[in-house]
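What's in data.cif: mmCIF, C-alpha atoms
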data_target
#
loop_
_atom_site.group_PDB
_atom_site.id
_atom_site.type_symbol
_atom_site.label_atom_id
_atom_site.label_comp_id
_atom_site.auth_asym_id
_atom_site.auth_seq_id
_atom_site.Cartn_x
_atom_site.Cartn_y
_atom_site.Cartn_z
ATOM 1 C CA ALA A 1 18.618 34.873 25.574
ATOM 2 C CA SER A 2 18.273 37.022 22.455
ATOM 3 C CA LEU A 3 16.424 39.804 24.224
ATOM 4 C CA LYS A 4 19.186 40.131 26.822
ATOM 5 C CA PHE A 5 21.414 41.538 24.079
ATOM 6 C CA LEU A 6 18.905 44.302 23.381
ATOM 7 C CA LEU A 7 18.867 45.531 26.994
ATOM 8 C CA PRO A 8 22.057 47.326 28.012
ATOM 9 C CA PHE A 9 23.667 45.982 31.184
ATOM 10 C CA THR A 10 23.461 49.460 32.727
ATOM 11 C CA LEU A 11 19.650 49.382 32.507
ATOM 12 C CA LEU A 12 19.545 45.982 34.178
ATOM 13 C CA ALA A 13 21.843 47.235 36.965
ATOM 14 C CA MET A 14 19.706 50.354 37.486
ATOM 15 C CA ALA A 15 16.533 48.252 37.634
ATOM 16 C CA GLY A 16 18.160 46.006 40.220
ATOM 17 C CA GLU A 17 19.221 49.015 42.286
ATOM 18 C CA LYS A 18 15.679 50.440 42.275
ATOM 19 C CA LEU A 19 14.279 47.046 43.210
ATOM 20 C CA ALA A 20 16.808 46.711 46.050
ATOM 21 C CA GLN A 21 15.658 50.047 47.480
ATOM 22 C CA GLN A 22 12.006 48.966 47.544
ATOM 23 C CA LEU A 23 12.344 45.364 48.707
ATOM 24 C CA PRO A 24 14.166 43.868 51.662
ATOM 25 C CA VAL A 25 17.269 42.304 50.117
ATOM 26 C CA SER A 26 20.080 40.325 51.684
ATOM 27 C CA ARG A 27 23.439 42.115 52.037
ATOM 28 C CA ALA A 28 25.169 39.640 49.714
ATOM 29 C CA ILE A 29 23.158 40.913 46.729
ATOM 30 C CA LEU A 30 24.139 44.532 47.416
ATOM 31 C CA VAL A 31 27.751 43.863 46.314
ATOM 32 C CA ILE A 32 26.611 43.290 42.728
ATOM 33 C CA PRO A 33 26.578 47.017 41.737
ATOM 34 C CA ALA A 34 30.192 47.411 42.896
ATOM 35 C CA ALA A 35 31.217 44.384 40.856
ATOM 36 C CA ALA A 36 29.254 45.659 37.838
ATOM 37 C CA GLU A 37 31.187 48.942 37.823
ATOM 38 C CA ARG A 38 34.293 47.079 36.659
ATOM 39 C CA PHE A 39 32.391 45.791 33.602
ATOM 40 C CA SER A 40 31.119 49.236 32.650
ATOM 41 C CA ALA A 41 34.504 50.950 33.027
ATOM 42 C CA PRO A 42 35.615 50.315 29.382
ATOM 43 C CA ALA A 43 32.378 51.884 28.115
ATOM 44 C CA GLN A 44 33.003 54.921 30.284
ATOM 45 C CA ALA A 45 36.525 55.203 28.862
ATOM 46 C CA LEU A 46 35.143 55.183 25.296
ATOM 47 C CA ALA A 47 32.777 57.999 26.205
ATOM 48 C CA ALA A 48 35.651 60.196 27.446
ATOM 49 C CA PRO A 49 36.621 62.933 24.965
ATOM 50 C CA HIS A 50 40.092 61.888 23.771
ATOM 51 C CA ALA A 51 41.258 62.723 20.263
ATOM 52 C CA GLN A 52 42.863 59.332 19.688
ATOM 53 C CA GLY A 53 39.949 57.555 21.367
ATOM 54 C CA ALA A 54 37.517 59.379 19.080
ATOM 55 C CA ASP A 55 39.433 58.159 16.022
ATOM 56 C CA VAL A 56 39.342 54.567 17.269
ATOM 57 C CA PHE A 57 35.656 54.942 18.058
ATOM 58 C CA LEU A 58 34.915 56.187 14.521
ATOM 59 C CA VAL A 59 36.874 53.307 12.973
ATOM 60 C CA LEU A 60 35.031 50.779 15.140
ATOM 61 C CA LEU A 61 31.706 52.428 14.343
ATOM 62 C CA GLY A 62 32.504 52.248 10.623
ATOM 63 C CA ILE A 63 33.385 48.550 10.845
ATOM 64 C CA TRP A 64 30.210 47.861 12.801
ATOM 65 C CA LEU A 65 28.094 49.746 10.240
ATOM 66 C CA LEU A 66 29.684 47.757 7.382
ATOM 67 C CA GLY A 67 28.870 44.496 9.136
ATOM 68 C CA LEU A 68 25.339 45.651 9.905
ATOM 69 C CA GLY A 69 24.829 46.689 6.280
ATOM 70 C CA ALA A 70 26.121 43.350 4.996
ATOM 71 C CA ILE A 71 23.820 41.361 7.290
ATOM 72 C CA LEU A 72 20.809 43.518 6.382
ATOM 73 C CA ALA A 73 21.589 43.171 2.659
ATOM 74 C CA LEU A 74 21.782 39.373 2.959
ATOM 75 C CA ARG A 75 18.514 39.262 4.919
ATOM 76 C CA ALA A 76 16.780 41.533 2.384
ATOM 77 C CA ALA A 77 17.969 39.358 -0.529
ATOM 78 C CA ARG A 78 16.661 36.234 1.228
ATOM 79 C CA TRP A 79 13.362 37.973 1.951
ATOM 80 C CA TRP A 80 12.918 38.982 -1.713
ATOM 81 C CA LYS A 81 13.686 35.408 -2.796
ATOM 82 C CA LEU A 82 11.073 34.017 -0.381
ATOM 83 C CA ARG A 83 8.505 36.602 -1.559
ATOM 84 C CA ALA A 84 9.132 35.526 -5.168
ATOM 85 C CA MET A 85 8.720 31.869 -4.174
ATOM 86 C CA ILE A 86 5.408 32.587 -2.435
ATOM 87 C CA THR A 87 4.151 34.574 -5.428
ATOM 88 C CA ALA A 88 5.049 31.789 -7.876
ATOM 89 C CA ALA A 89 3.770 28.981 -5.616
ATOM 90 C CA HIS A 90 0.518 27.135 -6.267
ATOM 91 C CA ASP A 91 -2.196 26.663 -3.655
ATOM 92 C CA VAL A 92 -2.526 23.211 -2.113
ATOM 93 C CA PRO A 93 -6.069 22.536 -0.915
ATOM 94 C CA VAL A 94 -5.985 21.278 2.685
ATOM 95 C CA PRO A 95 -9.364 21.485 4.427
ATOM 96 C CA GLY A 96 -9.309 23.216 7.804
ATOM 97 C CA ALA A 97 -5.748 24.574 7.531
ATOM 98 C CA PRO A 98 -5.372 27.809 9.554
ATOM 99 C CA VAL A 99 -2.946 29.310 7.001
ATOM 100 C CA ALA A 100 -2.442 29.103 3.246
ATOM 101 C CA ILE A 101 -0.528 26.052 2.075
ATOM 102 C CA LYS A 102 1.360 26.357 -1.189
ATOM 103 C CA SER A 103 3.755 24.270 -3.254
ATOM 104 C CA SER A 104 6.882 25.699 -4.855
ATOM 105 C CA ALA A 105 9.141 24.227 -7.523
ATOM 106 C CA SER A 106 12.215 25.928 -6.023
ATOM 107 C CA LEU A 107 11.891 24.600 -2.471
ATOM 108 C CA LEU A 108 13.898 21.734 -1.002
ATOM 109 C CA GLU A 109 12.016 21.149 2.250
ATOM 110 C CA PRO A 110 8.721 22.172 3.860
ATOM 111 C CA GLY A 111 8.695 25.352 5.894
ATOM 112 C CA LEU A 112 6.555 28.028 7.498
ATOM 113 C CA VAL A 113 7.355 31.397 5.929
ATOM 114 C CA GLY A 114 6.287 34.866 7.088
ATOM 115 C CA VAL A 115 5.490 36.654 10.318
ATOM 116 C CA PHE A 116 2.343 38.689 9.633
ATOM 117 C CA LYS A 117 0.743 36.448 6.966
ATOM 118 C CA PRO A 118 2.452 33.077 7.413
ATOM 119 C CA VAL A 119 2.290 30.485 4.634
ATOM 120 C CA VAL A 120 3.316 26.834 4.690
ATOM 121 C CA LEU A 121 5.512 26.217 1.639
ATOM 122 C CA LEU A 122 5.966 22.659 0.420
ATOM 123 C CA PRO A 123 8.191 21.294 -2.357
ATOM 124 C CA GLN A 124 6.177 20.821 -5.544
ATOM 125 C CA GLY A 125 4.868 17.272 -5.955
ATOM 126 C CA LEU A 126 5.668 16.251 -2.381
ATOM 127 C CA MET A 127 2.091 15.578 -1.324
ATOM 128 C CA GLY A 128 1.563 13.083 -4.166
ATOM 129 C CA HIS A 129 4.369 10.878 -2.820
ATOM 130 C CA LEU A 130 3.191 10.770 0.803
ATOM 131 C CA SER A 131 0.666 8.697 2.681
ATOM 132 C CA ASP A 132 -2.073 10.510 4.600
ATOM 133 C CA SER A 133 -0.275 10.000 7.922
ATOM 134 C CA GLU A 134 3.029 11.308 6.504
ATOM 135 C CA ARG A 135 1.253 14.371 5.091
ATOM 136 C CA ASP A 136 -0.496 14.975 8.414
ATOM 137 C CA ALA A 137 2.810 14.678 10.308
ATOM 138 C CA ILE A 138 4.536 17.244 8.056
ATOM 139 C CA LEU A 139 1.635 19.689 8.304
ATOM 140 C CA ALA A 140 1.389 19.181 12.091
ATOM 141 C CA HIS A 141 5.099 19.977 12.390
ATOM 142 C CA GLU A 142 4.821 23.192 10.344
ATOM 143 C CA LEU A 143 1.622 24.258 12.106
ATOM 144 C CA GLY A 144 3.451 23.633 15.394
ATOM 145 C CA HIS A 145 5.816 26.432 14.364
ATOM 146 C CA LEU A 146 2.764 28.632 13.798
ATOM 147 C CA ARG A 147 1.240 27.849 17.215
ATOM 148 C CA ARG A 148 4.562 28.475 18.962
ATOM 149 C CA ARG A 149 5.083 31.748 17.030
ATOM 150 C CA ASP A 150 8.542 30.548 16.060
ATOM 151 C CA ASN A 151 8.785 32.982 13.139
ATOM 152 C CA VAL A 152 8.295 35.917 15.510
ATOM 153 C CA THR A 153 11.077 34.750 17.831
ATOM 154 C CA ALA A 154 13.269 34.032 14.796
ATOM 155 C CA ALA A 155 12.692 37.591 13.520
ATOM 156 C CA ILE A 156 13.644 39.022 16.919
ATOM 157 C CA HIS A 157 16.828 36.972 16.966
ATOM 158 C CA MET A 158 17.647 38.021 13.399
ATOM 159 C CA ALA A 159 17.536 41.636 14.589
ATOM 160 C CA VAL A 160 19.890 40.727 17.437
ATOM 161 C CA GLU A 161 22.228 38.961 14.972
ATOM 162 C CA ALA A 162 22.266 42.042 12.752
ATOM 163 C CA LEU A 163 23.114 44.364 15.649
ATOM 164 C CA PHE A 164 25.649 42.057 17.318
ATOM 165 C CA TRP A 165 27.066 40.386 14.176
ATOM 166 C CA PHE A 166 30.596 40.591 15.591
ATOM 167 C CA TYR A 167 29.828 38.511 18.707
ATOM 168 C CA PRO A 168 30.053 34.714 18.129
ATOM 169 C CA PRO A 169 27.766 33.700 21.039
ATOM 170 C CA VAL A 170 24.877 35.452 19.267
ATOM 171 C CA TRP A 171 25.324 33.154 16.258
ATOM 172 C CA LEU A 172 25.641 30.097 18.515
ATOM 173 C CA ILE A 173 22.399 31.061 20.264
ATOM 174 C CA GLY A 174 20.727 31.394 16.853
ATOM 175 C CA ALA A 175 21.831 27.908 15.792
ATOM 176 C CA ARG A 176 20.622 26.496 19.102
ATOM 177 C CA LEU A 177 17.262 28.262 18.752
ATOM 178 C CA ILE A 178 16.730 26.652 15.337
ATOM 179 C CA ALA A 179 17.585 23.192 16.655
ATOM 180 C CA GLU A 180 15.322 23.604 19.692
ATOM 181 C CA ARG A 181 12.402 24.910 17.603
ATOM 182 C CA GLU A 182 12.642 21.891 15.313
ATOM 183 C CA ARG A 183 12.929 19.491 18.240
ATOM 184 C CA ALA A 184 9.917 21.039 19.986
ATOM 185 C CA CYS A 185 7.748 20.743 16.868
ATOM 186 C CA ASP A 186 8.898 17.148 16.291
ATOM 187 C CA GLU A 187 7.974 16.301 19.879
ATOM 188 C CA THR A 188 4.543 17.903 19.392
ATOM 189 C CA VAL A 189 3.936 15.697 16.335
ATOM 190 C CA LEU A 190 5.034 12.601 18.249
ATOM 191 C CA ALA A 191 2.791 13.531 21.189
ATOM 192 C CA GLN A 192 -0.163 13.731 18.767
ATOM 193 C CA GLY A 193 0.519 10.166 17.672
#
Go through the file and emit its structure as structure tokens.
Amino acid sequence: ASLKFLLPFTLLAMAGEKLAQQLPVSRAILVIPAAAERFSAPAQALAAPHAQGADVFLVLLGIWLLGLGAILALRAARWWKLRAMITAAHDVPVPGAPVAIKSSASLLEPGLVGVFKPVVLLPQGLMGHLSDSERDAILAHELGHLRRRDNVTAAIHMAVEALFWFYPPVWLIGARLIAERERACDETVLAQG
């Protein structure tokens, strides 16, 4: 769903047209390009050289750039905070763990952090209060995120959110992605017993 926002509708329509020329397609599908022209008409109007339209375009571009800058600034601040947490965190020895596991005094809940060098961050002192099965369940959940490459898909969606910050369905998709990732990892832990 996130990647659809990165591909312009025009490219999808052109790909469909090329595919229709090479494959036998029913006549009902061939009406789609005519219907799609109505959706692309406003974009064509923006591209027309009108003095007033150019002013509106520049205002809209400025607003979009402000929103993009704000989102990127918030993401950068969060990234720096996470980097500081990882740097200050202490290693937690867990034999056979595929990634580093660290504990942080400033963390409220366990989480997998990072895309290229992921680290499992745990709240400081958490492991001392858990039974072995509880510890294994938490680590299995976080390592489930690693196996599913959830941080990569989250990073892709964050890029989509930054580009399309003005479009509420993008934020709803992001919230749904988080909920589904957590549910999938919980189900993996339950399936492991």
* Asked: Applied to this file, what does the PyMOL selection byres ((chain A and resi 119) around 12) return in terms of residues, put as a VMD selection string?
  -> chain A and resid 82 to 83 85 to 87 89 to 92 97 to 104 110 to 118 120 to 122 139 142 to 143 145 to 146 151
* To do: Find the distance between atom CA of Leu74 of chain A and atom CA of Ala175 of chain A and write it in Å to one decimal.
  => 17.2 Å
* To do: Return as a ChimeraX atom specification the set of residues that the PyMOL selection byres ((chain A and resi 172-174) around 12) yields on the displayed structure.
  => /A:1-5,153-162,164-171,175-181
Selection to disk with C-alpha atoms, as an mmCIF file, keeping the file's coordinate frame:
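Wrote selection10.cif, looks like this:
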data_model
loop_
_atom_site.group_PDB
_atom_site.id
_atom_site.type_symbol
_atom_site.label_atom_id
_atom_site.label_comp_id
_atom_site.auth_asym_id
_atom_site.auth_seq_id
_atom_site.Cartn_x
_atom_site.Cartn_y
_atom_site.Cartn_z
ATOM 1 C CA ALA A 1 18.618 34.873 25.574
ATOM 2 C CA SER A 2 18.273 37.022 22.455
ATOM 3 C CA LEU A 3 16.424 39.804 24.224
ATOM 4 C CA LYS A 4 19.186 40.131 26.822
ATOM 5 C CA PHE A 5 21.414 41.538 24.079
ATOM 6 C CA THR A 153 11.077 34.750 17.831
ATOM 7 C CA ALA A 154 13.269 34.032 14.796
ATOM 8 C CA ALA A 155 12.692 37.591 13.520
ATOM 9 C CA ILE A 156 13.644 39.022 16.919
ATOM 10 C CA HIS A 157 16.828 36.972 16.966
ATOM 11 C CA MET A 158 17.647 38.021 13.399
ATOM 12 C CA ALA A 159 17.536 41.636 14.589
ATOM 13 C CA VAL A 160 19.890 40.727 17.437
ATOM 14 C CA GLU A 161 22.228 38.961 14.972
ATOM 15 C CA ALA A 162 22.266 42.042 12.752
ATOM 16 C CA PHE A 164 25.649 42.057 17.318
ATOM 17 C CA TRP A 165 27.066 40.386 14.176
ATOM 18 C CA PHE A 166 30.596 40.591 15.591
ATOM 19 C CA TYR A 167 29.828 38.511 18.707
ATOM 20 C CA PRO A 168 30.053 34.714 18.129
ATOM 21 C CA PRO A 169 27.766 33.700 21.039
ATOM 22 C CA VAL A 170 24.877 35.452 19.267
ATOM 23 C CA TRP A 171 25.324 33.154 16.258
ATOM 24 C CA ALA A 175 21.831 27.908 15.792
ATOM 25 C CA ARG A 176 20.622 26.496 19.102
ATOM 26 C CA LEU A 177 17.262 28.262 18.752
ATOM 27 C CA ILE A 178 16.730 26.652 15.337
ATOM 28 C CA ALA A 179 17.585 23.192 16.655
ATOM 29 C CA GLU A 180 15.322 23.604 19.692
ATOM 30 C CA ARG A 181 12.402 24.910 17.603
#
* Any idea what the distance is between atom CA of Gln124 of chain A and atom CA of Asp150 of chain A? ->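 Atom-to-atom, atom CA of Gln124 of chain A and atom CA of Asp150 of chain A are spaced 23.8 Å apart.
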* Asked: Hey, what comes out of the PyMOL selection byres ((chain A and resi 140) around 9) on this file? Could you write it as a list in words?
  -> Arg135, Asp136, Ala137, Ile138, Leu139, His141, Glu142, Leu143, Gly144, His145, Cys185, Asp186, Thr188, Val189 and Gln192 of chain A
* Asked: What is the distance between atom CA of Leu163 of chain A and atom CA of Gly67 of chain A, in Å to one decimal?
  -> 8.7 Å
* Asked: Of the candidates A:Lys81, A:Lys18, A:Val59, A:Glu187, which one gets nearest to Leu107 of chain A if we count all atoms listed in the file?
  -> A:Lys81
With 5 Å added on each side, what axis-aligned box encloses every listed atom of segment 57-73 of chain A? Give the centre and edge lengths in Å to one decimal, as lines of an AutoDock Vina configuration file.
center_x = 28.8
center_y = 48.8
center_z = 10.4
size_x = 26.1
size_y = 24.8
size_z = 25.4
Can you rebuild segment 65-86 of chain A with N, CA, C and O atoms and give it as an mmCIF file, in the frame of the given file?
data_model
loop_
_atom_site.group_PDB
_atom_site.id
_atom_site.type_symbol
_atom_site.label_atom_id
_atom_site.label_comp_id
_atom_site.auth_asym_id
_atom_site.auth_seq_id
_atom_site.Cartn_x
_atom_site.Cartn_y
_atom_site.Cartn_z
ATOM 1 N N LEU A 65 29.101 49.386 11.237
ATOM 2 C CA LEU A 65 28.094 49.746 10.240
ATOM 3 C C LEU A 65 28.237 48.918 8.956
ATOM 4 O O LEU A 65 27.235 48.536 8.351
ATOM 5 N N LEU A 66 29.474 48.621 8.559
ATOM 6 C CA LEU A 66 29.684 47.757 7.382
ATOM 7 C C LEU A 66 29.125 46.361 7.629
ATOM 8 O O LEU A 66 28.465 45.784 6.762
ATOM 9 N N GLY A 67 29.406 45.813 8.798
ATOM 10 C CA GLY A 67 28.870 44.496 9.136
ATOM 11 C C GLY A 67 27.352 44.499 9.190
ATOM 12 O O GLY A 67 26.698 43.589 8.668
ATOM 13 N N LEU A 68 26.795 45.522 9.822
ATOM 14 C CA LEU A 68 25.339 45.651 9.905
ATOM 15 C C LEU A 68 24.730 45.735 8.509
ATOM 16 O O LEU A 68 23.747 45.051 8.203
ATOM 17 N N GLY A 69 25.329 46.556 7.652
ATOM 18 C CA GLY A 69 24.829 46.689 6.280
ATOM 19 C C GLY A 69 24.895 45.381 5.510
ATOM 20 O O GLY A 69 23.968 45.040 4.768
ATOM 21 N N ALA A 70 25.988 44.639 5.686
ATOM 22 C CA ALA A 70 26.121 43.350 4.996
ATOM 23 C C ALA A 70 25.054 42.360 5.459
ATOM 24 O O ALA A 70 24.421 41.687 4.636
ATOM 25 N N ILE A 71 24.831 42.278 6.761
ATOM 26 C CA ILE A 71 23.820 41.361 7.290
ATOM 27 C C ILE A 71 22.431 41.764 6.788
ATOM 28 O O ILE A 71 21.638 40.919 6.349
ATOM 29 N N LEU A 72 22.123 43.057 6.843
ATOM 30 C CA LEU A 72 20.809 43.518 6.382
ATOM 31 C C LEU A 72 20.628 43.260 4.885
ATOM 32 O O LEU A 72 19.532 42.898 4.449
ATOM 33 N N ALA A 73 21.679 43.433 4.098
ATOM 34 C CA ALA A 73 21.589 43.171 2.659
ATOM 35 C C ALA A 73 21.327 41.686 2.393
ATOM 36 O O ALA A 73 20.494 41.340 1.542
ATOM 37 N N LEU A 74 22.014 40.818 3.127
ATOM 38 C CA LEU A 74 21.782 39.373 2.959
ATOM 39 C C LEU A 74 20.358 38.993 3.360
ATOM 40 O O LEU A 74 19.701 38.199 2.679
ATOM 41 N N ARG A 75 19.886 39.556 4.473
ATOM 42 C CA ARG A 75 18.514 39.262 4.919
ATOM 43 C C ARG A 75 17.482 39.776 3.922
ATOM 44 O O ARG A 75 16.477 39.138 3.653
ATOM 45 N N ALA A 76 17.712 40.974 3.367
ATOM 46 C CA ALA A 76 16.780 41.533 2.384
ATOM 47 C C ALA A 76 16.749 40.680 1.115
ATOM 48 O O ALA A 76 15.673 40.416 0.560
ATOM 49 N N ALA A 77 17.914 40.216 0.664
ATOM 50 C CA ALA A 77 17.969 39.358 -0.529
ATOM 51 C C ALA A 77 17.209 38.057 -0.286
ATOM 52 O O ALA A 77 16.463 37.586 -1.152
ATOM 53 N N ARG A 78 17.381 37.475 0.895
ATOM 54 C CA ARG A 78 16.661 36.234 1.228
ATOM 55 C C ARG A 78 15.160 36.492 1.291
ATOM 56 O O ARG A 78 14.362 35.685 0.827
ATOM 57 N N TRP A 79 14.780 37.637 1.864
ATOM 58 C CA TRP A 79 13.362 37.973 1.951
ATOM 59 C C TRP A 79 12.748 38.113 0.567
ATOM 60 O O TRP A 79 11.664 37.599 0.305
ATOM 61 N N TRP A 80 13.435 38.819 -0.356
ATOM 62 C CA TRP A 80 12.918 38.982 -1.713
ATOM 63 C C TRP A 80 12.790 37.634 -2.410
ATOM 64 O O TRP A 80 11.832 37.392 -3.156
ATOM 65 N N LYS A 81 13.742 36.740 -2.183
ATOM 66 C CA LYS A 81 13.686 35.408 -2.796
ATOM 67 C C LYS A 81 12.482 34.631 -2.268
ATOM 68 O O LYS A 81 11.761 33.984 -3.041
ATOM 69 N N LEU A 82 12.231 34.694 -0.954
ATOM 70 C CA LEU A 82 11.073 34.017 -0.381
ATOM 71 C C LEU A 82 9.769 34.622 -0.898
ATOM 72 O O LEU A 82 8.805 33.893 -1.167
ATOM 73 N N ARG A 83 9.716 35.955 -1.024
ATOM 74 C CA ARG A 83 8.505 36.602 -1.559
ATOM 75 C C ARG A 83 8.239 36.121 -2.977
ATOM 76 O O ARG A 83 7.095 35.869 -3.357
ATOM 77 N N ALA A 84 9.292 36.010 -3.793
ATOM 78 C CA ALA A 84 9.132 35.526 -5.168
ATOM 79 C C ALA A 84 8.646 34.077 -5.174
ATOM 80 O O ALA A 84 7.804 33.705 -6.002
ATOM 81 N N MET A 85 9.171 33.266 -4.272
ATOM 82 C CA MET A 85 8.720 31.869 -4.174
ATOM 83 C C MET A 85 7.243 31.786 -3.821
ATOM 84 O O MET A 85 6.500 30.995 -4.393
ATOM 85 N N ILE A 86 6.815 32.602 -2.854
ATOM 86 C CA ILE A 86 5.408 32.587 -2.435
ATOM 87 C C ILE A 86 4.514 33.039 -3.577
ATOM 88 O O ILE A 86 3.449 32.457 -3.827
#
